[in-house]
Amino acid sequence: MKMWKEKTWQHEKTGVDGNTILFGVNIFNYEWESTGKRVKVRDTHGEERNFTVYTVTIDGRQYEFAAGEFSACVWGFYLEKY
């Protein structure tokens with residue numbers, strides 16, 4: 001029997017407020033729209049956190065990501081992938 005892997009929220013990037021490259025652009029230069037969803041993720045130290053899921057439109061293409069502050073002005077970004 002073939003087993004299918006499920007998508008999970010995986011750490012993509014940690015960056016500072018106002019200057020973080022995600023999807024090839026500085027994500028802080030774009031307007032994030034909350035999807036109303038929240039997901040549980042593990043930070044880089046293994047601690048569980050509850051982050052908001054956002055969408056952003058870049059060059060006509062919509063992207064989805066989860067983000068939240070790890071500490072003052074330090075953000076964690078997560079993408080749902082296999």
# chains A, B, ... in the order shown; residues from 1 in each chain; ligands from 1
>>> select_by_dssp(residues="chain A", states="strand (DSSP E or B)", output="short mmCIF file (atom, residue, chain, number, x, y, z; two decimals) with all heavy atoms, in the first residue's frame")
data_model
loop_
_atom_site.label_atom_id
_atom_site.label_comp_id
_atom_site.auth_asym_id
_atom_site.auth_seq_id
_atom_site.Cartn_x
_atom_site.Cartn_y
_atom_site.Cartn_z
N THR A 8 2.80 19.79 6.12
CA THR A 8 2.92 20.33 7.48
C THR A 8 3.51 21.73 7.39
O THR A 8 4.15 22.09 6.40
CB THR A 8 3.83 19.45 8.37
OG1 THR A 8 5.12 19.37 7.76
CG2 THR A 8 3.25 18.06 8.54
N TRP A 9 3.30 22.51 8.43
CA TRP A 9 3.88 23.85 8.48
C TRP A 9 5.32 23.74 8.92
O TRP A 9 5.61 23.27 10.01
CB TRP A 9 3.07 24.73 9.43
CG TRP A 9 1.74 25.07 8.85
CD1 TRP A 9 0.55 24.43 9.09
CD2 TRP A 9 1.48 26.09 7.91
NE1 TRP A 9 -0.44 25.01 8.34
CE2 TRP A 9 0.09 26.04 7.60
CE3 TRP A 9 2.25 27.07 7.27
CZ2 TRP A 9 -0.51 26.92 6.71
CZ3 TRP A 9 1.65 27.93 6.38
CH2 TRP A 9 0.29 27.86 6.11
N GLN A 10 6.23 24.14 8.03
CA GLN A 10 7.66 24.00 8.27
C GLN A 10 8.35 25.37 8.29
O GLN A 10 8.02 26.25 7.49
CB GLN A 10 8.29 23.12 7.18
CG GLN A 10 7.70 21.71 7.17
CD GLN A 10 8.25 20.88 6.03
OE1 GLN A 10 9.41 21.02 5.65
NE2 GLN A 10 7.42 20.00 5.49
N HIS A 11 9.31 25.50 9.20
CA HIS A 11 10.05 26.76 9.32
C HIS A 11 10.78 27.05 8.01
O HIS A 11 11.47 26.21 7.46
CB HIS A 11 11.06 26.66 10.47
CG HIS A 11 11.86 27.90 10.64
ND1 HIS A 11 13.14 28.03 10.17
CD2 HIS A 11 11.55 29.09 11.21
CE1 HIS A 11 13.58 29.23 10.46
NE2 HIS A 11 12.64 29.90 11.09
N GLU A 12 10.57 28.26 7.52
CA GLU A 12 11.20 28.68 6.27
C GLU A 12 12.28 29.72 6.51
O GLU A 12 13.34 29.69 5.90
CB GLU A 12 10.14 29.24 5.32
CG GLU A 12 10.66 29.68 3.98
CD GLU A 12 11.08 28.52 3.08
OE1 GLU A 12 10.72 27.36 3.35
OE2 GLU A 12 11.78 28.80 2.09
N LYS A 13 11.99 30.67 7.42
CA LYS A 13 12.89 31.81 7.57
C LYS A 13 12.65 32.48 8.91
O LYS A 13 11.53 32.56 9.38
CB LYS A 13 12.59 32.80 6.44
CG LYS A 13 13.31 34.10 6.44
CD LYS A 13 14.63 34.08 5.74
CE LYS A 13 14.52 33.86 4.26
NZ LYS A 13 15.70 34.23 3.52
N THR A 14 13.72 32.97 9.50
CA THR A 14 13.65 33.85 10.66
C THR A 14 14.25 35.18 10.22
O THR A 14 15.30 35.19 9.57
CB THR A 14 14.46 33.29 11.85
OG1 THR A 14 13.88 32.03 12.23
CG2 THR A 14 14.43 34.23 13.04
N GLY A 15 13.57 36.26 10.51
CA GLY A 15 14.07 37.55 10.07
C GLY A 15 13.65 38.68 10.98
O GLY A 15 12.82 38.51 11.86
N VAL A 16 14.24 39.84 10.73
CA VAL A 16 13.95 41.01 11.54
C VAL A 16 12.82 41.83 10.93
O VAL A 16 12.62 41.83 9.72
CB VAL A 16 15.20 41.90 11.74
CG1 VAL A 16 16.25 41.16 12.54
CG2 VAL A 16 15.75 42.38 10.42
N ASN A 19 12.70 43.80 7.37
CA ASN A 19 13.76 43.43 6.43
C ASN A 19 13.94 41.90 6.38
O ASN A 19 14.93 41.37 6.88
CB ASN A 19 15.07 44.10 6.84
CG ASN A 19 16.15 43.92 5.80
OD1 ASN A 19 15.86 43.66 4.64
ND2 ASN A 19 17.39 44.03 6.21
N ILE A 21 13.49 38.64 3.53
CA ILE A 21 13.18 38.18 2.18
C ILE A 21 12.41 36.86 2.25
O ILE A 21 12.87 35.88 2.82
CB ILE A 21 14.47 37.99 1.35
CG1 ILE A 21 15.28 39.29 1.30
CG2 ILE A 21 14.14 37.49 -0.06
CD1 ILE A 21 14.56 40.46 0.67
N LEU A 22 11.21 36.87 1.69
CA LEU A 22 10.35 35.69 1.58
C LEU A 22 9.69 35.76 0.22
O LEU A 22 9.22 36.83 -0.18
CB LEU A 22 9.32 35.67 2.71
CG LEU A 22 8.50 34.40 2.88
CD1 LEU A 22 9.39 33.24 3.32
CD2 LEU A 22 7.39 34.61 3.90
N VAL A 25 11.07 38.57 -2.16
CA VAL A 25 10.87 40.00 -1.91
C VAL A 25 10.94 40.27 -0.41
O VAL A 25 10.84 39.36 0.40
CB VAL A 25 9.50 40.48 -2.45
CG1 VAL A 25 9.39 40.28 -3.96
CG2 VAL A 25 8.35 39.77 -1.73
N ASN A 26 11.07 41.54 -0.05
CA ASN A 26 10.97 41.92 1.35
C ASN A 26 9.49 41.83 1.72
O ASN A 26 8.69 42.67 1.32
CB ASN A 26 11.51 43.32 1.60
CG ASN A 26 11.45 43.71 3.07
OD1 ASN A 26 10.88 43.01 3.90
ND2 ASN A 26 12.06 44.84 3.38
N GLU A 33 -2.80 39.70 4.48
CA GLU A 33 -4.21 39.56 4.82
C GLU A 33 -4.39 38.29 5.64
O GLU A 33 -4.01 37.21 5.19
CB GLU A 33 -5.07 39.50 3.57
CG GLU A 33 -5.13 40.81 2.83
CD GLU A 33 -6.15 40.79 1.70
OE1 GLU A 33 -7.23 40.21 1.90
OE2 GLU A 33 -5.83 41.34 0.64
N SER A 34 -4.97 38.43 6.82
CA SER A 34 -5.20 37.28 7.67
C SER A 34 -6.27 36.38 7.04
O SER A 34 -7.28 36.87 6.53
CB SER A 34 -5.66 37.71 9.06
OG SER A 34 -6.02 36.58 9.83
N THR A 35 -6.04 35.07 7.09
CA THR A 35 -7.03 34.12 6.59
C THR A 35 -8.04 33.78 7.69
O THR A 35 -9.04 33.10 7.42
CB THR A 35 -6.37 32.81 6.15
OG1 THR A 35 -5.76 32.19 7.29
CG2 THR A 35 -5.34 33.05 5.06
N GLY A 36 -7.75 34.20 8.91
CA GLY A 36 -8.60 33.85 10.03
C GLY A 36 -8.20 32.52 10.67
O GLY A 36 -8.77 32.11 11.67
N LYS A 37 -7.20 31.85 10.08
CA LYS A 37 -6.72 30.57 10.61
C LYS A 37 -5.49 30.80 11.47
O LYS A 37 -4.72 31.72 11.24
CB LYS A 37 -6.34 29.60 9.48
CG LYS A 37 -7.48 29.19 8.59
CD LYS A 37 -7.07 28.10 7.61
CE LYS A 37 -6.10 28.62 6.57
NZ LYS A 37 -5.75 27.65 5.54
N ARG A 38 -5.32 29.92 12.45
CA ARG A 38 -4.11 29.90 13.27
C ARG A 38 -3.60 28.47 13.26
O ARG A 38 -4.39 27.52 13.21
CB ARG A 38 -4.40 30.38 14.68
CG ARG A 38 -4.79 31.86 14.69
CD ARG A 38 -4.98 32.45 16.05
NE ARG A 38 -3.81 32.47 16.90
CZ ARG A 38 -2.82 33.35 16.86
NH1 ARG A 38 -2.82 34.29 15.96
NH2 ARG A 38 -1.82 33.30 17.71
N VAL A 39 -2.29 28.31 13.29
CA VAL A 39 -1.68 26.98 13.26
C VAL A 39 -0.64 26.87 14.37
O VAL A 39 -0.04 27.86 14.77
CB VAL A 39 -1.03 26.67 11.89
CG1 VAL A 39 -2.09 26.58 10.81
CG2 VAL A 39 0.03 27.69 11.52
N LYS A 40 -0.44 25.65 14.83
CA LYS A 40 0.60 25.38 15.82
C LYS A 40 1.87 25.01 15.09
O LYS A 40 1.85 24.17 14.19
CB LYS A 40 0.18 24.26 16.76
CG LYS A 40 -0.92 24.69 17.70
CD LYS A 40 -1.27 23.61 18.68
CE LYS A 40 -2.39 24.13 19.57
NZ LYS A 40 -2.80 23.19 20.58
N VAL A 41 2.96 25.67 15.46
CA VAL A 41 4.27 25.41 14.86
C VAL A 41 5.28 25.26 15.99
O VAL A 41 5.03 25.64 17.13
CB VAL A 41 4.70 26.54 13.90
CG1 VAL A 41 3.73 26.67 12.73
CG2 VAL A 41 4.83 27.87 14.63
N ARG A 42 6.44 24.72 15.65
CA ARG A 42 7.56 24.64 16.60
C ARG A 42 8.60 25.66 16.19
O ARG A 42 8.98 25.74 15.02
CB ARG A 42 8.18 23.25 16.57
CG ARG A 42 7.24 22.19 17.04
CD ARG A 42 7.70 21.62 18.36
NE ARG A 42 6.73 20.64 18.82
CZ ARG A 42 6.27 20.63 20.05
NH1 ARG A 42 6.67 21.51 20.92
NH2 ARG A 42 5.40 19.72 20.41
N GLU A 48 6.46 25.17 21.22
CA GLU A 48 5.24 25.26 20.41
C GLU A 48 4.69 26.68 20.46
O GLU A 48 4.66 27.32 21.51
CB GLU A 48 4.19 24.29 20.94
CG GLU A 48 3.00 24.17 20.03
CD GLU A 48 2.04 23.10 20.48
OE1 GLU A 48 2.22 21.94 20.07
OE2 GLU A 48 1.12 23.43 21.27
N ARG A 49 4.29 27.18 19.29
CA ARG A 49 3.72 28.52 19.18
C ARG A 49 2.47 28.45 18.32
O ARG A 49 2.31 27.54 17.52
CB ARG A 49 4.72 29.48 18.55
CG ARG A 49 5.96 29.64 19.42
CD ARG A 49 6.83 30.72 18.87
NE ARG A 49 8.01 30.90 19.68
CZ ARG A 49 8.21 31.94 20.46
NH1 ARG A 49 7.32 32.89 20.55
NH2 ARG A 49 9.33 32.05 21.15
N ASN A 50 1.61 29.42 18.48
CA ASN A 50 0.36 29.49 17.73
C ASN A 50 0.43 30.74 16.84
O ASN A 50 0.32 31.86 17.34
CB ASN A 50 -0.80 29.57 18.72
CG ASN A 50 -2.11 29.18 18.10
OD1 ASN A 50 -2.16 28.69 16.99
ND2 ASN A 50 -3.18 29.40 18.83
N PHE A 51 0.64 30.54 15.52
CA PHE A 51 0.84 31.66 14.59
C PHE A 51 -0.36 31.81 13.66
O PHE A 51 -1.06 30.85 13.34
CB PHE A 51 2.09 31.43 13.75
CG PHE A 51 3.38 31.74 14.45
CD1 PHE A 51 4.58 31.54 13.80
CD2 PHE A 51 3.43 32.24 15.74
CE1 PHE A 51 5.79 31.81 14.42
CE2 PHE A 51 4.63 32.52 16.37
CZ PHE A 51 5.81 32.32 15.70
N THR A 52 -0.55 33.04 13.20
CA THR A 52 -1.61 33.36 12.25
C THR A 52 -1.18 33.01 10.83
O THR A 52 -0.02 33.18 10.47
CB THR A 52 -1.94 34.87 12.34
OG1 THR A 52 -2.34 35.18 13.67
CG2 THR A 52 -3.04 35.27 11.37
N VAL A 53 -2.14 32.55 10.03
CA VAL A 53 -1.90 32.26 8.62
C VAL A 53 -2.34 33.48 7.81
O VAL A 53 -3.44 34.02 8.02
CB VAL A 53 -2.66 31.00 8.15
CG1 VAL A 53 -2.45 30.76 6.66
CG2 VAL A 53 -2.21 29.79 8.97
N TYR A 54 -1.47 33.91 6.91
CA TYR A 54 -1.72 35.09 6.08
C TYR A 54 -1.63 34.73 4.60
O TYR A 54 -1.01 33.73 4.23
CB TYR A 54 -0.65 36.16 6.34
CG TYR A 54 -0.61 36.69 7.74
CD1 TYR A 54 0.26 36.16 8.68
CD2 TYR A 54 -1.44 37.74 8.13
CE1 TYR A 54 0.32 36.65 9.97
CE2 TYR A 54 -1.39 38.24 9.42
CZ TYR A 54 -0.51 37.68 10.34
OH TYR A 54 -0.46 38.17 11.61
N THR A 55 -2.21 35.59 3.77
CA THR A 55 -1.96 35.54 2.33
C THR A 55 -1.37 36.89 1.94
O THR A 55 -1.61 37.91 2.59
CB THR A 55 -3.24 35.28 1.50
OG1 THR A 55 -4.18 36.31 1.75
CG2 THR A 55 -3.82 33.92 1.81
N VAL A 56 -0.59 36.86 0.86
CA VAL A 56 -0.01 38.07 0.31
C VAL A 56 0.01 37.91 -1.20
O VAL A 56 0.20 36.81 -1.71
CB VAL A 56 1.41 38.32 0.89
CG1 VAL A 56 2.37 37.24 0.49
CG2 VAL A 56 1.94 39.68 0.50
N THR A 57 -0.24 38.99 -1.92
CA THR A 57 -0.20 38.96 -3.38
C THR A 57 1.05 39.68 -3.86
O THR A 57 1.27 40.85 -3.52
CB THR A 57 -1.46 39.60 -3.99
OG1 THR A 57 -2.61 38.92 -3.48
CG2 THR A 57 -1.44 39.51 -5.51
N ILE A 58 1.88 38.95 -4.62
CA ILE A 58 3.12 39.49 -5.15
C ILE A 58 3.11 39.28 -6.66
O ILE A 58 2.99 38.14 -7.12
CB ILE A 58 4.34 38.78 -4.53
CG1 ILE A 58 4.33 38.95 -3.00
CG2 ILE A 58 5.65 39.29 -5.13
CD1 ILE A 58 5.30 38.05 -2.26
N ARG A 61 0.39 37.06 -8.03
CA ARG A 61 0.32 35.68 -7.54
C ARG A 61 0.10 35.69 -6.03
O ARG A 61 0.77 36.45 -5.31
CB ARG A 61 1.60 34.93 -7.88
CG ARG A 61 1.54 33.48 -7.50
CD ARG A 61 2.70 32.70 -8.05
NE ARG A 61 2.64 31.36 -7.50
CZ ARG A 61 3.67 30.55 -7.40
NH1 ARG A 61 4.86 30.93 -7.86
NH2 ARG A 61 3.54 29.36 -6.88
N GLN A 62 -0.81 34.85 -5.56
CA GLN A 62 -1.11 34.79 -4.13
C GLN A 62 -0.30 33.70 -3.44
O GLN A 62 -0.18 32.59 -3.95
CB GLN A 62 -2.60 34.55 -3.91
CG GLN A 62 -3.02 34.76 -2.47
CD GLN A 62 -4.51 34.69 -2.31
OE1 GLN A 62 -5.14 33.76 -2.78
NE2 GLN A 62 -5.08 35.69 -1.65
N TYR A 63 0.26 34.05 -2.29
CA TYR A 63 1.06 33.12 -1.48
C TYR A 63 0.43 33.03 -0.09
O TYR A 63 -0.16 34.00 0.40
CB TYR A 63 2.49 33.62 -1.33
CG TYR A 63 3.26 33.70 -2.61
CD1 TYR A 63 3.22 34.86 -3.39
CD2 TYR A 63 4.04 32.65 -3.06
CE1 TYR A 63 3.94 34.96 -4.57
CE2 TYR A 63 4.76 32.74 -4.25
CZ TYR A 63 4.70 33.89 -4.99
OH TYR A 63 5.40 33.99 -6.16
N GLU A 64 0.62 31.88 0.56
CA GLU A 64 0.12 31.69 1.92
C GLU A 64 1.29 31.34 2.83
O GLU A 64 2.18 30.57 2.45
CB GLU A 64 -0.92 30.57 1.95
CG GLU A 64 -1.59 30.40 3.29
CD GLU A 64 -2.71 29.39 3.26
OE1 GLU A 64 -2.42 28.18 3.09
OE2 GLU A 64 -3.87 29.80 3.40
N PHE A 65 1.29 31.90 4.03
CA PHE A 65 2.34 31.63 5.00
C PHE A 65 1.80 31.86 6.39
O PHE A 65 0.80 32.54 6.59
CB PHE A 65 3.57 32.51 4.74
CG PHE A 65 3.31 33.99 4.89
CD1 PHE A 65 3.62 34.65 6.07
CD2 PHE A 65 2.76 34.73 3.85
CE1 PHE A 65 3.38 36.01 6.22
CE2 PHE A 65 2.52 36.09 3.97
CZ PHE A 65 2.83 36.74 5.16
N ALA A 66 2.47 31.27 7.37
CA ALA A 66 2.17 31.53 8.78
C ALA A 66 3.32 32.35 9.34
O ALA A 66 4.48 32.14 8.97
CB ALA A 66 2.02 30.23 9.55
N ALA A 67 2.99 33.30 10.21
CA ALA A 67 4.04 34.16 10.76
C ALA A 67 3.67 34.62 12.16
O ALA A 67 2.49 34.73 12.51
CB ALA A 67 4.27 35.37 9.87
N GLY A 68 4.72 34.90 12.93
CA GLY A 68 4.55 35.46 14.26
C GLY A 68 5.89 35.88 14.81
O GLY A 68 6.93 35.49 14.29
N GLU A 69 5.85 36.68 15.86
CA GLU A 69 7.09 37.17 16.46
C GLU A 69 7.66 36.14 17.43
O GLU A 69 6.97 35.66 18.31
CB GLU A 69 6.86 38.47 17.20
CG GLU A 69 6.84 39.68 16.29
CD GLU A 69 6.82 40.98 17.06
OE1 GLU A 69 5.74 41.34 17.54
OE2 GLU A 69 7.88 41.63 17.17
N PHE A 70 8.92 35.79 17.22
CA PHE A 70 9.64 34.94 18.17
C PHE A 70 10.02 35.76 19.40
O PHE A 70 9.96 35.30 20.52
CB PHE A 70 10.92 34.38 17.55
CG PHE A 70 10.71 33.26 16.57
CD1 PHE A 70 11.60 33.07 15.54
CD2 PHE A 70 9.65 32.38 16.67
CE1 PHE A 70 11.45 32.03 14.64
CE2 PHE A 70 9.48 31.33 15.78
CZ PHE A 70 10.39 31.16 14.76
N SER A 71 10.47 36.97 19.16
CA SER A 71 10.80 37.93 20.22
C SER A 71 10.65 39.31 19.61
O SER A 71 10.29 39.43 18.45
CB SER A 71 12.21 37.69 20.75
OG SER A 71 13.17 37.89 19.73
N VAL A 74 11.73 40.11 15.97
CA VAL A 74 12.28 38.93 15.31
C VAL A 74 11.12 38.00 14.97
O VAL A 74 10.41 37.53 15.86
CB VAL A 74 13.31 38.19 16.20
CG1 VAL A 74 13.82 36.93 15.49
CG2 VAL A 74 14.47 39.11 16.54
N TRP A 75 10.95 37.78 13.66
CA TRP A 75 9.80 37.04 13.16
C TRP A 75 10.18 35.66 12.65
O TRP A 75 11.26 35.47 12.11
CB TRP A 75 9.17 37.82 12.00
CG TRP A 75 8.43 39.03 12.45
CD1 TRP A 75 8.97 40.23 12.83
CD2 TRP A 75 7.02 39.16 12.57
NE1 TRP A 75 7.98 41.10 13.17
CE2 TRP A 75 6.76 40.47 13.02
CE3 TRP A 75 5.95 38.32 12.33
CZ2 TRP A 75 5.48 40.94 13.24
CZ3 TRP A 75 4.67 38.78 12.55
CH2 TRP A 75 4.44 40.08 13.01
N GLY A 76 9.24 34.74 12.80
CA GLY A 76 9.38 33.41 12.22
C GLY A 76 8.35 33.25 11.12
O GLY A 76 7.19 33.66 11.28
N PHE A 77 8.76 32.67 10.00
CA PHE A 77 7.88 32.45 8.86
C PHE A 77 7.84 30.96 8.53
O PHE A 77 8.89 30.30 8.48
CB PHE A 77 8.38 33.24 7.64
CG PHE A 77 8.29 34.72 7.84
CD1 PHE A 77 9.34 35.42 8.40
CD2 PHE A 77 7.14 35.41 7.48
CE1 PHE A 77 9.26 36.78 8.62
CE2 PHE A 77 7.05 36.77 7.68
CZ PHE A 77 8.11 37.46 8.24
N TYR A 78 6.66 30.45 8.28
CA TYR A 78 6.43 29.03 8.02
C TYR A 78 5.63 28.86 6.75
O TYR A 78 4.71 29.63 6.47
CB TYR A 78 5.66 28.39 9.19
CG TYR A 78 6.49 28.30 10.43
CD1 TYR A 78 6.76 29.42 11.21
CD2 TYR A 78 7.04 27.09 10.85
CE1 TYR A 78 7.55 29.35 12.35
CE2 TYR A 78 7.81 27.00 11.98
CZ TYR A 78 8.07 28.13 12.72
OH TYR A 78 8.86 28.05 13.84
N LEU A 79 6.00 27.83 5.98
CA LEU A 79 5.27 27.49 4.77
C LEU A 79 4.74 26.07 4.92
O LEU A 79 5.39 25.21 5.52
CB LEU A 79 6.19 27.55 3.55
CG LEU A 79 6.84 28.90 3.26
CD1 LEU A 79 7.70 28.82 2.02
CD2 LEU A 79 5.80 30.01 3.13
N GLU A 80 3.57 25.83 4.35
CA GLU A 80 2.99 24.49 4.38
C GLU A 80 3.54 23.72 3.21
O GLU A 80 3.34 24.10 2.05
CB GLU A 80 1.47 24.57 4.32
CG GLU A 80 0.80 23.27 4.62
CD GLU A 80 -0.72 23.38 4.65
OE1 GLU A 80 -1.28 24.22 3.92
OE2 GLU A 80 -1.33 22.62 5.39
N LYS A 81 4.28 22.65 3.50
CA LYS A 81 4.88 21.86 2.43
C LYS A 81 5.05 20.41 2.85
O LYS A 81 4.90 20.09 4.02
CB LYS A 81 6.19 22.47 1.95
CG LYS A 81 7.19 22.81 3.01
CD LYS A 81 8.36 23.58 2.39
CE LYS A 81 9.30 24.11 3.44
NZ LYS A 81 10.45 24.76 2.86
#
>>> residues_around(residues="Gly18 (chain A)", least_positions_apart="3", cutoff="8 Å", atoms="only C-alpha atoms", output="VMD selection string")
chain A and resid 26 to 29
>>> write_last_selection(atoms="all heavy atoms", output="mmCIF file, in the first residue's frame")
data_model
loop_
_atom_site.group_PDB
_atom_site.id
_atom_site.type_symbol
_atom_site.label_atom_id
_atom_site.label_comp_id
_atom_site.auth_asym_id
_atom_site.auth_seq_id
_atom_site.Cartn_x
_atom_site.Cartn_y
_atom_site.Cartn_z
ATOM 1 N N ASN A 26 11.067 41.538 -0.049
ATOM 2 C CA ASN A 26 10.968 41.917 1.353
ATOM 3 C C ASN A 26 9.489 41.827 1.722
ATOM 4 O O ASN A 26 8.685 42.669 1.315
ATOM 5 C CB ASN A 26 11.505 43.316 1.602
ATOM 6 C CG ASN A 26 11.454 43.708 3.066
ATOM 7 O OD1 ASN A 26 10.880 43.012 3.899
ATOM 8 N ND2 ASN A 26 12.055 44.843 3.377
ATOM 9 N N ILE A 27 9.130 40.802 2.490
ATOM 10 C CA ILE A 27 7.731 40.519 2.791
ATOM 11 C C ILE A 27 7.053 41.667 3.540
ATOM 12 O O ILE A 27 5.836 41.847 3.449
ATOM 13 C CB ILE A 27 7.607 39.178 3.563
ATOM 14 C CG1 ILE A 27 6.179 38.657 3.550
ATOM 15 C CG2 ILE A 27 8.160 39.287 4.971
ATOM 16 C CD1 ILE A 27 5.681 38.245 2.187
ATOM 17 N N PHE A 28 7.835 42.493 4.229
ATOM 18 C CA PHE A 28 7.258 43.609 4.972
ATOM 19 C C PHE A 28 6.849 44.774 4.068
ATOM 20 O O PHE A 28 6.198 45.714 4.527
ATOM 21 C CB PHE A 28 8.228 44.075 6.066
ATOM 22 C CG PHE A 28 8.343 43.079 7.183
ATOM 23 C CD1 PHE A 28 9.409 42.187 7.221
ATOM 24 C CD2 PHE A 28 7.388 43.005 8.183
ATOM 25 C CE1 PHE A 28 9.521 41.259 8.243
ATOM 26 C CE2 PHE A 28 7.487 42.082 9.205
ATOM 27 C CZ PHE A 28 8.558 41.202 9.236
ATOM 28 N N ASN A 29 7.219 44.723 2.798
ATOM 29 C CA ASN A 29 6.806 45.762 1.849
ATOM 30 C C ASN A 29 5.440 45.469 1.238
ATOM 31 O O ASN A 29 4.970 46.240 0.403
ATOM 32 C CB ASN A 29 7.825 45.900 0.722
ATOM 33 C CG ASN A 29 9.118 46.525 1.197
ATOM 34 O OD1 ASN A 29 9.170 47.147 2.250
ATOM 35 N ND2 ASN A 29 10.173 46.347 0.429
#
